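A.B. asks: One file: query22.csv (CSV, C-alpha atoms).
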```csv
chain,number,residue,atom,x,y,z
A,207,MET,CA,20.1,1.1,-8.5
A,208,THR,CA,19.5,-0.5,-11.9
A,209,LYS,CA,22.2,-3.1,-11.1
A,210,TYR,CA,20.6,-3.9,-7.7
A,211,ILE,CA,17.1,-4.2,-9.2
A,212,GLN,CA,18.3,-6.6,-11.9
A,213,GLU,CA,20.0,-8.8,-9.3
A,214,SER,CA,16.8,-9.1,-7.4
A,215,VAL,CA,14.8,-9.7,-10.5
A,216,GLU,CA,17.1,-12.4,-11.7
A,217,TYR,CA,17.0,-14.2,-8.3
A,218,LEU,CA,13.2,-14.1,-8.3
A,219,LYS,CA,12.9,-15.3,-11.9
A,220,ASN,CA,15.1,-18.2,-11.0
A,221,LYS,CA,12.7,-18.9,-8.2
A,222,GLY,CA,9.8,-19.1,-10.6
A,223,PHE,CA,8.4,-15.6,-10.5
A,224,GLU,CA,7.3,-15.4,-14.2
A,225,ASN,CA,5.5,-12.5,-15.8
A,226,PRO,CA,3.2,-11.4,-13.0
A,227,GLU,CA,0.4,-9.0,-14.2
A,228,ILE,CA,-0.5,-7.3,-10.9
A,229,GLY,CA,1.4,-6.3,-7.8
A,230,ILE,CA,-0.2,-6.1,-4.4
A,231,VAL,CA,1.1,-4.5,-1.2
A,232,LEU,CA,-0.6,-5.7,2.0
A,233,GLY,CA,-0.5,-3.4,5.0
A,234,THR,CA,-0.7,-3.7,8.8
A,235,GLY,CA,-2.9,-6.6,9.8
A,236,LEU,CA,-3.9,-7.3,6.2
A,237,GLY,CA,-2.0,-10.4,5.3
A,238,LYS,CA,-4.8,-12.9,4.8
A,239,LEU,CA,-5.3,-12.2,1.2
A,240,VAL,CA,-2.6,-14.7,0.6
A,241,ASP,CA,-5.0,-17.4,1.7
A,242,GLU,CA,-6.9,-16.8,-1.5
A,243,ILE,CA,-3.9,-17.2,-3.7
A,244,ASP,CA,-2.9,-20.4,-5.5
A,245,ILE,CA,0.7,-20.0,-4.4
A,246,VAL,CA,3.5,-21.0,-6.7
A,247,GLU,CA,6.5,-19.6,-4.7
A,248,SER,CA,7.1,-17.7,-1.5
A,249,VAL,CA,10.4,-16.1,-0.6
A,250,SER,CA,11.4,-14.3,2.6
A,251,TYR,CA,12.6,-10.8,2.1
A,252,ASN,CA,15.9,-11.5,3.7
A,253,HIS,CA,16.7,-14.1,1.1
A,254,ILE,CA,16.2,-11.7,-1.9
A,255,PRO,CA,19.4,-9.9,-2.9
A,256,ASN,CA,19.3,-6.2,-2.0
A,257,PHE,CA,15.9,-6.3,-0.4
A,258,PRO,CA,15.3,-4.6,3.0
A,259,THR,CA,14.1,-6.7,5.9
A,260,ALA,CA,10.7,-6.1,7.5
A,261,THR,CA,11.2,-5.2,11.2
A,262,VAL,CA,7.7,-4.6,12.3
A,263,GLU,CA,6.3,-7.5,14.2
A,264,PHE,CA,2.9,-7.6,12.5
A,265,HIS,CA,4.4,-7.5,9.0
A,266,LYS,CA,5.2,-11.0,7.7
A,267,GLY,CA,8.1,-10.1,5.4
A,268,LYS,CA,7.4,-12.4,2.4
A,269,LEU,CA,7.2,-11.9,-1.4
A,270,ILE,CA,4.6,-14.3,-2.8
A,271,TYR,CA,3.9,-15.3,-6.4
A,272,GLY,CA,0.9,-17.2,-7.6
A,273,THR,CA,-2.6,-16.9,-9.2
A,274,LEU,CA,-5.5,-14.9,-7.9
A,275,ALA,CA,-8.8,-14.6,-9.7
A,276,GLY,CA,-7.2,-16.0,-12.8
A,277,LYS,CA,-4.4,-13.5,-12.9
A,278,LYS,CA,-0.7,-13.9,-12.1
A,279,VAL,CA,0.1,-11.8,-9.0
A,280,VAL,CA,3.1,-10.9,-6.9
A,281,VAL,CA,2.3,-9.9,-3.3
A,282,MET,CA,4.2,-8.1,-0.7
A,283,GLN,CA,3.0,-9.7,2.6
A,284,GLY,CA,4.3,-6.8,4.7
A,285,ARG,CA,5.9,-3.6,3.6
A,286,PHE,CA,8.7,-1.2,4.7
A,287,HIS,CA,8.4,2.2,6.4
A,288,LEU,CA,10.6,5.2,6.8
A,289,TYR,CA,10.1,4.9,10.6
A,290,GLU,CA,12.0,1.7,10.6
A,291,GLY,CA,15.1,3.7,9.6
A,292,TYR,CA,14.8,3.0,5.9
A,293,SER,CA,15.2,5.5,3.2
A,294,HIS,CA,12.7,6.4,0.5
A,295,TYR,CA,14.9,4.3,-1.8
A,296,ASP,CA,14.6,1.2,0.4
A,297,VAL,CA,10.9,1.6,1.0
A,298,THR,CA,10.1,1.7,-2.8
A,299,PHE,CA,12.7,-0.7,-4.0
A,300,PRO,CA,10.3,-3.6,-4.2
A,301,ILE,CA,7.9,-1.6,-6.4
A,302,ARG,CA,10.7,-1.2,-8.9
A,303,VAL,CA,11.5,-4.9,-8.7
A,304,MET,CA,7.9,-5.9,-9.3
A,305,ARG,CA,7.7,-3.6,-12.3
A,306,GLN,CA,10.8,-5.2,-13.8
A,307,LEU,CA,9.2,-8.6,-13.2
A,308,GLY,CA,6.3,-7.5,-15.4
A,309,ILE,CA,3.5,-6.0,-13.4
A,310,SER,CA,1.4,-3.2,-15.1
A,311,LYS,CA,-1.0,-2.6,-12.2
A,312,LEU,CA,-0.5,-2.1,-8.4
A,313,LEU,CA,-3.0,-2.5,-5.6
A,314,VAL,CA,-2.1,-1.1,-2.2
A,315,SER,CA,-3.7,-1.5,1.2
A,316,ASN,CA,-2.9,0.1,4.6
A,317,ALA,CA,-4.3,0.5,8.1
A,318,SER,CA,-5.0,4.1,9.0
A,319,GLY,CA,-6.8,6.5,11.4
A,320,ALA,CA,-10.0,8.3,10.4
A,321,ILE,CA,-9.6,12.0,10.5
A,322,ASN,CA,-13.0,12.6,8.9
A,323,LYS,CA,-15.4,12.5,11.8
A,324,SER,CA,-18.1,10.9,9.6
A,325,TYR,CA,-15.9,7.9,9.0
A,326,LYS,CA,-15.9,5.1,11.6
A,327,LYS,CA,-13.3,2.5,12.6
A,328,GLY,CA,-13.8,-0.8,10.8
A,329,GLU,CA,-14.8,0.9,7.5
A,330,ILE,CA,-12.8,1.0,4.4
A,331,MET,CA,-11.8,4.1,2.5
A,332,LEU,CA,-10.9,4.2,-1.2
A,333,ILE,CA,-8.0,6.6,-1.6
A,334,ASP,CA,-8.9,9.3,-4.2
A,335,ASP,CA,-5.9,11.5,-3.5
A,336,HIS,CA,-3.1,11.9,-1.0
A,337,ILE,CA,-0.9,14.4,0.9
A,338,ASN,CA,2.8,13.8,1.4
A,339,LEU,CA,4.0,14.9,4.8
A,340,LEU,CA,7.0,12.5,4.9
A,341,GLY,CA,9.5,15.2,4.3
A,342,GLY,CA,11.0,13.8,1.1
A,343,SER,CA,10.4,12.1,-2.3
A,344,PRO,CA,11.4,8.7,-3.5
A,345,LEU,CA,12.4,10.4,-6.8
A,346,ALA,CA,14.9,12.7,-5.3
A,347,PHE,CA,18.1,10.9,-6.2
A,348,LYS,CA,20.8,11.3,-8.8
A,349,GLY,CA,20.1,9.4,-12.0
A,350,VAL,CA,16.3,9.1,-11.5
A,351,GLU,CA,15.8,10.4,-15.1
A,352,GLU,CA,17.3,7.1,-16.4
A,353,MET,CA,14.4,5.2,-14.9
A,354,GLY,CA,11.5,7.5,-15.9
A,355,GLU,CA,10.4,11.1,-16.1
A,356,ARG,CA,12.0,13.1,-13.2
A,357,PHE,CA,9.0,15.6,-12.9
A,358,VAL,CA,6.2,13.0,-12.6
A,359,ASP,CA,2.7,14.4,-13.0
A,360,MET,CA,0.6,13.6,-9.8
A,361,SER,CA,-2.7,15.3,-10.8
A,362,ALA,CA,-4.3,11.8,-10.8
A,363,PRO,CA,-2.1,9.3,-9.0
A,364,TYR,CA,-4.9,6.8,-8.4
A,365,ASP,CA,-6.4,5.2,-11.5
A,366,LEU,CA,-10.0,6.5,-12.1
A,367,GLU,CA,-11.2,3.4,-13.9
A,368,MET,CA,-10.1,1.0,-11.1
A,369,ASN,CA,-11.5,3.3,-8.5
A,370,ILE,CA,-14.9,3.3,-10.3
A,371,LYS,CA,-14.8,-0.5,-10.5
A,372,MET,CA,-14.2,-0.8,-6.8
A,373,GLU,CA,-17.0,1.5,-6.0
A,374,GLU,CA,-19.3,-0.6,-8.2
A,375,ILE,CA,-18.1,-3.8,-6.5
A,376,ALA,CA,-18.6,-2.3,-3.1
A,377,ALA,CA,-22.2,-1.4,-4.0
A,378,LYS,CA,-22.9,-4.8,-5.4
A,379,GLN,CA,-21.4,-6.6,-2.4
A,380,ASN,CA,-23.1,-4.3,0.1
A,381,ILE,CA,-19.7,-3.1,1.4
A,382,LYS,CA,-19.6,0.4,2.9
A,383,LEU,CA,-16.8,2.1,1.0
A,384,GLN,CA,-15.8,5.6,2.0
A,385,LYS,CA,-13.7,7.7,-0.4
A,386,GLY,CA,-11.2,10.4,0.5
A,387,VAL,CA,-7.7,11.9,0.9
A,388,TYR,CA,-5.0,9.9,2.7
A,389,VAL,CA,-2.1,11.8,4.4
A,390,SER,CA,1.2,10.0,5.1
A,391,VAL,CA,3.3,11.0,8.1
A,392,MET,CA,6.6,9.8,9.3
A,393,GLY,CA,5.7,8.1,12.6
A,394,PRO,CA,6.1,5.8,14.4
A,395,HIS,CA,4.6,7.9,17.1
A,396,LEU,CA,0.9,8.8,16.7
A,397,GLU,CA,-0.4,12.3,16.4
A,398,THR,CA,-1.2,14.9,19.1
A,399,ARG,CA,-4.7,16.5,19.3
A,400,ALA,CA,-3.3,19.6,17.7
A,401,GLU,CA,-1.8,17.6,14.8
A,402,TYR,CA,-5.1,15.8,14.2
A,403,ARG,CA,-6.8,19.3,14.0
A,404,TYR,CA,-4.1,20.4,11.5
A,405,LEU,CA,-4.5,17.3,9.3
A,406,ASP,CA,-8.3,17.9,9.2
A,407,ILE,CA,-7.8,21.6,8.2
A,408,ILE,CA,-5.5,20.7,5.3
A,409,GLY,CA,-8.0,18.2,3.9
A,410,ALA,CA,-7.0,14.8,5.1
A,411,ASP,CA,-9.7,12.1,5.6
A,412,ALA,CA,-7.4,9.5,7.0
A,413,VAL,CA,-3.8,9.4,8.3
A,414,GLY,CA,-1.1,6.6,8.1
A,415,MET,CA,2.6,6.1,7.8
A,416,SER,CA,3.0,4.4,4.4
A,417,THR,CA,1.6,4.1,0.8
A,418,VAL,CA,2.5,7.5,-0.6
A,419,PRO,CA,6.1,6.7,-1.5
A,420,GLU,CA,5.0,3.5,-3.3
A,421,VAL,CA,2.3,5.3,-5.2
A,422,ILE,CA,4.7,8.1,-6.3
A,423,VAL,CA,7.2,5.4,-7.6
A,424,ALA,CA,4.3,3.5,-9.3
A,425,ASN,CA,3.4,6.7,-11.2
A,426,HIS,CA,7.1,7.2,-12.0
A,427,LEU,CA,7.0,3.7,-13.6
A,428,ASN,CA,3.6,4.3,-15.4
A,429,LEU,CA,1.8,1.7,-13.3
A,430,ARG,CA,-1.9,2.0,-12.8
A,431,VAL,CA,-2.6,2.2,-9.0
A,432,ALA,CA,-5.6,1.7,-6.7
A,433,ALA,CA,-5.4,1.8,-2.9
A,434,VAL,CA,-7.6,1.4,0.1
A,435,SER,CA,-7.3,2.2,3.8
A,436,VAL,CA,-8.8,0.1,6.5
A,437,LEU,CA,-9.8,2.6,9.2
A,438,THR,CA,-8.7,1.1,12.5
A,439,ASP,CA,-9.2,4.1,14.8
A,440,GLU,CA,-11.1,7.4,15.1
A,441,CYS,CA,-8.9,10.5,15.4
A,442,ASP,CA,-11.3,12.9,17.0
A,443,PRO,CA,-9.1,15.4,18.9
A,444,ASP,CA,-12.0,16.4,21.2
A,445,ASN,CA,-12.6,12.8,22.3
A,446,LEU,CA,-9.1,11.3,21.9
A,447,LYS,CA,-8.3,8.0,23.7
A,448,PRO,CA,-4.9,6.3,24.0
A,449,VAL,CA,-4.3,4.0,21.0
A,450,ASN,CA,-4.2,0.3,21.6
A,451,ILE,CA,-2.1,-1.3,18.9
A,452,GLU,CA,-3.6,-4.8,19.6
A,453,GLU,CA,-7.0,-3.3,19.1
A,454,ILE,CA,-5.9,-1.7,15.8
A,455,ILE,CA,-4.7,-5.1,14.5
A,456,ALA,CA,-8.0,-6.7,15.6
A,457,ILE,CA,-10.1,-4.1,13.9
A,458,ALA,CA,-8.0,-4.5,10.7
A,459,GLY,CA,-8.6,-8.2,10.9
A,460,LYS,CA,-12.3,-7.8,11.1
A,461,ALA,CA,-12.5,-5.5,8.1
A,462,GLU,CA,-10.0,-7.5,6.1
A,463,PRO,CA,-12.6,-9.8,4.4
A,464,HIS,CA,-14.2,-6.7,2.7
A,465,MET,CA,-10.8,-5.6,1.5
A,466,ILE,CA,-10.1,-9.1,0.1
A,467,THR,CA,-13.5,-9.0,-1.7
A,468,LEU,CA,-12.7,-5.6,-3.2
A,469,PHE,CA,-9.3,-6.7,-4.5
A,470,THR,CA,-10.3,-10.1,-5.7
A,471,GLU,CA,-13.4,-8.9,-7.6
A,472,LEU,CA,-11.4,-6.0,-9.1
A,473,ILE,CA,-8.7,-8.4,-10.3
A,474,LYS,CA,-11.4,-10.4,-12.1
A,475,THR,CA,-12.2,-7.4,-14.2
A,476,LEU,CA,-8.6,-6.4,-15.1
```
Starting from the file, lay out its structure as structure tokens.
C.D. replies:
Amino acid sequence: MTKYIQESVEYLKNKGFENPEIGIVLGTGLGKLVDEIDIVESVSYNHIPNFPTATVEFHKGKLIYGTLAGKKVVVMQGRFHLYEGYSHYDVTFPIRVMRQLGISKLLVSNASGAINKSYKKGEIMLIDDHINLLGGSPLAFKGVEEMGERFVDMSAPYDLEMNIKMEEIAAKQNIKLQKGVYVSVMGPHLETRAEYRYLDIIGADAVGMSTVPEVIVANHLNLRVAAVSVLTDECDPDNLKPVNIEEIIAIAGKAEPHMITLFTELIKTL
């Protein structure tokens, strides 16, 4: 893996990706943050050595380097998922590349379904903790100890200081910001009524199909992490309606300006 990471890093450095401070992962329907960036370079994933290729139609599949709020950033416009047939290794490979490029902080976004019945679609949830139901770990491979501590502590995977700052920003900007536990499942199918009840019982406030592997690897690499979920549907098993993917994307788009504000204002303080 070290060889593959270095090949990707060298390619990107030759393209002008120089010493980014902050990495950002943009989830489903959440790509417009790039409009706020003073872009220096943009590279399609399929041009980067050893990178997977995004196969989901609403994920752009570009790595972008530039300046946002006075900081050098590298942004994943679209991510990878296990449900695309990729491994934990593939899904988290870009995080390791961004770390080698120089980032010390990682901001992550996703679209998810609200399990907590007091949360409504269109709101944003600050992730305080997570549950991994993906059936594996991105650290479960031979030689992982050469890249960091094998038995990574996950008692506080999300950076408290950055979370507090985002709550303060939300209050100042009059953005309703929920806070809770995100559970990651395999997908790509959505959950049954019984599964939604189960997720509620085990303590999940929102459910999605990403984020957890990236956060685990970020902790493995000693990156400070903050993450938000844009709640795009309500998962009430007693009033469940068929999911409309187009509607989910539309709701994510309407909530996106608040996510952009949270990330941009946070970056100003880092």
A.B. asks: Can you tell me how far CA of Ile254 in chain A sits from CA of Tyr271 in chain A, in Å to one decimal?
C.D. replies: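 Taking CA of Ile254 in chain A and CA of Tyr271 in chain A, their separation equals 13.6 Å.
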A.B. asks: Pick from A:Asn380, A:Lys268, A:Ser250, A:Gln306: nearest to Glu224 in chain A, with all atoms listed in the file counted?
C.D. replies: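 When distances to Glu224 in chain A are compared using all atoms listed in the file, the smallest one comes from A:Gln306.
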A.B. asks: Taking all atoms listed in the file into account, which of A:Pro226, A:His336, A:Thr475, A:His464 comes nearest Gly414 in chain A?
C.D. replies: A:His336
A.B. asks: Give me the residues within 8 Å of range 217-222 of chain A as a list in words, counting only C-alpha atoms and dropping any in the same chain fewer than 6 places off.
C.D. replies: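 Listed by chain and then number, they are Val246, Glu247, Ile254, Pro255 and Leu307 of chain A.
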A.B. asks: Residues of the last selection are to be written out with C-alpha atoms, as a PDB file, in the frame of the given file.
C.D. replies:
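Saved as selection03.pdb:
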```
ATOM      1  CA  VAL A 246       3.500 -21.000  -6.700  1.00  0.00           C
ATOM      2  CA  GLU A 247       6.500 -19.600  -4.700  1.00  0.00           C
ATOM      3  CA  ILE A 254      16.200 -11.700  -1.900  1.00  0.00           C
ATOM      4  CA  PRO A 255      19.400  -9.900  -2.900  1.00  0.00           C
ATOM      5  CA  LEU A 307       9.200  -8.600 -13.200  1.00  0.00           C
TER       6      LEU A 307
END
```
A.B. asks: Using only C-alpha atoms, which residue out of A:Lys378, A:His294, A:Lys266, A:His253 lies closest to Met282 in chain A?
C.D. replies: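 Going through A:Lys378, A:His294, A:Lys266, A:His253 one by one, the smallest distance to Met282 in chain A is for A:Lys266.
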A.B. asks: Filtering to N, CA and C atoms, could range 397-435 of chain A of the supplied structure be written out as a compact mmCIF listing (two decimals), in the first residue's frame?
C.D. replies:
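File out.txt, as written:
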```txt
# COMPACT_ATOMS: atom_id res chain seq x y z
N GLU A 397 -33.36 0.35 4.04
CA GLU A 397 -33.72 -0.54 5.14
C GLU A 397 -35.20 -0.89 5.16
N THR A 398 -35.50 -2.03 5.75
CA THR A 398 -36.88 -2.44 5.98
C THR A 398 -37.41 -1.73 7.23
N ARG A 399 -38.70 -1.83 7.46
CA ARG A 399 -39.28 -1.24 8.66
C ARG A 399 -38.65 -1.86 9.92
N ALA A 400 -38.46 -3.17 9.88
CA ALA A 400 -37.88 -3.85 11.04
C ALA A 400 -36.44 -3.39 11.28
N GLU A 401 -35.72 -3.16 10.20
CA GLU A 401 -34.33 -2.71 10.34
C GLU A 401 -34.27 -1.29 10.91
N TYR A 402 -35.19 -0.43 10.49
CA TYR A 402 -35.22 0.92 11.06
C TYR A 402 -35.50 0.86 12.56
N ARG A 403 -36.40 -0.03 12.98
CA ARG A 403 -36.69 -0.18 14.40
C ARG A 403 -35.44 -0.66 15.16
N TYR A 404 -34.73 -1.59 14.54
CA TYR A 404 -33.49 -2.11 15.14
C TYR A 404 -32.46 -1.00 15.31
N LEU A 405 -32.27 -0.19 14.27
CA LEU A 405 -31.28 0.88 14.32
C LEU A 405 -31.63 1.90 15.40
N ASP A 406 -32.92 2.16 15.55
CA ASP A 406 -33.38 3.06 16.61
C ASP A 406 -33.06 2.47 17.98
N ILE A 407 -33.31 1.19 18.15
CA ILE A 407 -33.07 0.53 19.43
C ILE A 407 -31.60 0.58 19.83
N ILE A 408 -30.70 0.42 18.87
CA ILE A 408 -29.27 0.37 19.20
C ILE A 408 -28.65 1.76 19.35
N GLY A 409 -29.45 2.81 19.16
CA GLY A 409 -28.96 4.15 19.47
C GLY A 409 -28.60 5.04 18.30
N ALA A 410 -28.99 4.67 17.09
CA ALA A 410 -28.67 5.49 15.92
C ALA A 410 -29.67 6.63 15.78
N ASP A 411 -29.16 7.80 15.39
CA ASP A 411 -30.01 8.95 15.08
C ASP A 411 -30.16 9.15 13.58
N ALA A 412 -29.19 8.65 12.82
CA ALA A 412 -29.24 8.77 11.36
C ALA A 412 -28.50 7.59 10.75
N VAL A 413 -28.91 7.21 9.53
CA VAL A 413 -28.31 6.05 8.87
C VAL A 413 -27.86 6.42 7.47
N GLY A 414 -26.69 5.90 7.09
CA GLY A 414 -26.16 6.11 5.75
C GLY A 414 -25.26 4.96 5.35
N MET A 415 -24.54 5.14 4.24
CA MET A 415 -23.75 4.04 3.67
C MET A 415 -22.29 4.45 3.45
N SER A 416 -21.80 5.37 4.28
CA SER A 416 -20.42 5.87 4.08
C SER A 416 -19.85 6.38 5.39
N THR A 417 -18.81 7.16 5.28
CA THR A 417 -18.23 7.99 6.35
C THR A 417 -17.43 7.23 7.40
N VAL A 418 -18.00 6.16 7.96
CA VAL A 418 -17.32 5.46 9.04
C VAL A 418 -15.94 4.94 8.65
N PRO A 419 -15.78 4.28 7.48
CA PRO A 419 -14.42 3.83 7.13
C PRO A 419 -13.42 4.98 7.05
N GLU A 420 -13.83 6.11 6.45
CA GLU A 420 -12.92 7.25 6.33
C GLU A 420 -12.54 7.79 7.70
N VAL A 421 -13.50 7.82 8.61
CA VAL A 421 -13.23 8.35 9.95
C VAL A 421 -12.30 7.42 10.73
N ILE A 422 -12.50 6.12 10.58
CA ILE A 422 -11.60 5.17 11.25
C ILE A 422 -10.17 5.36 10.77
N VAL A 423 -9.99 5.47 9.46
CA VAL A 423 -8.64 5.65 8.91
C VAL A 423 -8.07 7.01 9.31
N ALA A 424 -8.90 8.03 9.35
CA ALA A 424 -8.43 9.35 9.79
C ALA A 424 -7.89 9.28 11.21
N ASN A 425 -8.58 8.54 12.08
CA ASN A 425 -8.09 8.38 13.44
C ASN A 425 -6.80 7.56 13.46
N HIS A 426 -6.71 6.57 12.58
CA HIS A 426 -5.47 5.79 12.45
C HIS A 426 -4.29 6.67 12.08
N LEU A 427 -4.58 7.74 11.30
CA LEU A 427 -3.54 8.64 10.82
C LEU A 427 -3.40 9.89 11.69
N ASN A 428 -4.07 9.90 12.84
CA ASN A 428 -4.02 11.03 13.78
C ASN A 428 -4.51 12.34 13.15
N LEU A 429 -5.54 12.24 12.32
CA LEU A 429 -6.17 13.43 11.77
C LEU A 429 -7.33 13.84 12.67
N ARG A 430 -7.48 15.14 12.86
CA ARG A 430 -8.65 15.65 13.57
C ARG A 430 -9.83 15.62 12.59
N VAL A 431 -10.97 15.11 13.05
CA VAL A 431 -12.11 14.89 12.16
C VAL A 431 -13.37 15.57 12.68
N ALA A 432 -14.13 16.17 11.76
CA ALA A 432 -15.50 16.62 12.04
C ALA A 432 -16.36 16.18 10.86
N ALA A 433 -17.61 15.83 11.14
CA ALA A 433 -18.49 15.33 10.07
C ALA A 433 -19.93 15.75 10.31
N VAL A 434 -20.63 15.97 9.21
CA VAL A 434 -22.05 16.31 9.29
C VAL A 434 -22.85 15.44 8.33
N SER A 435 -24.10 15.18 8.71
CA SER A 435 -25.04 14.48 7.84
C SER A 435 -26.15 15.45 7.44
```
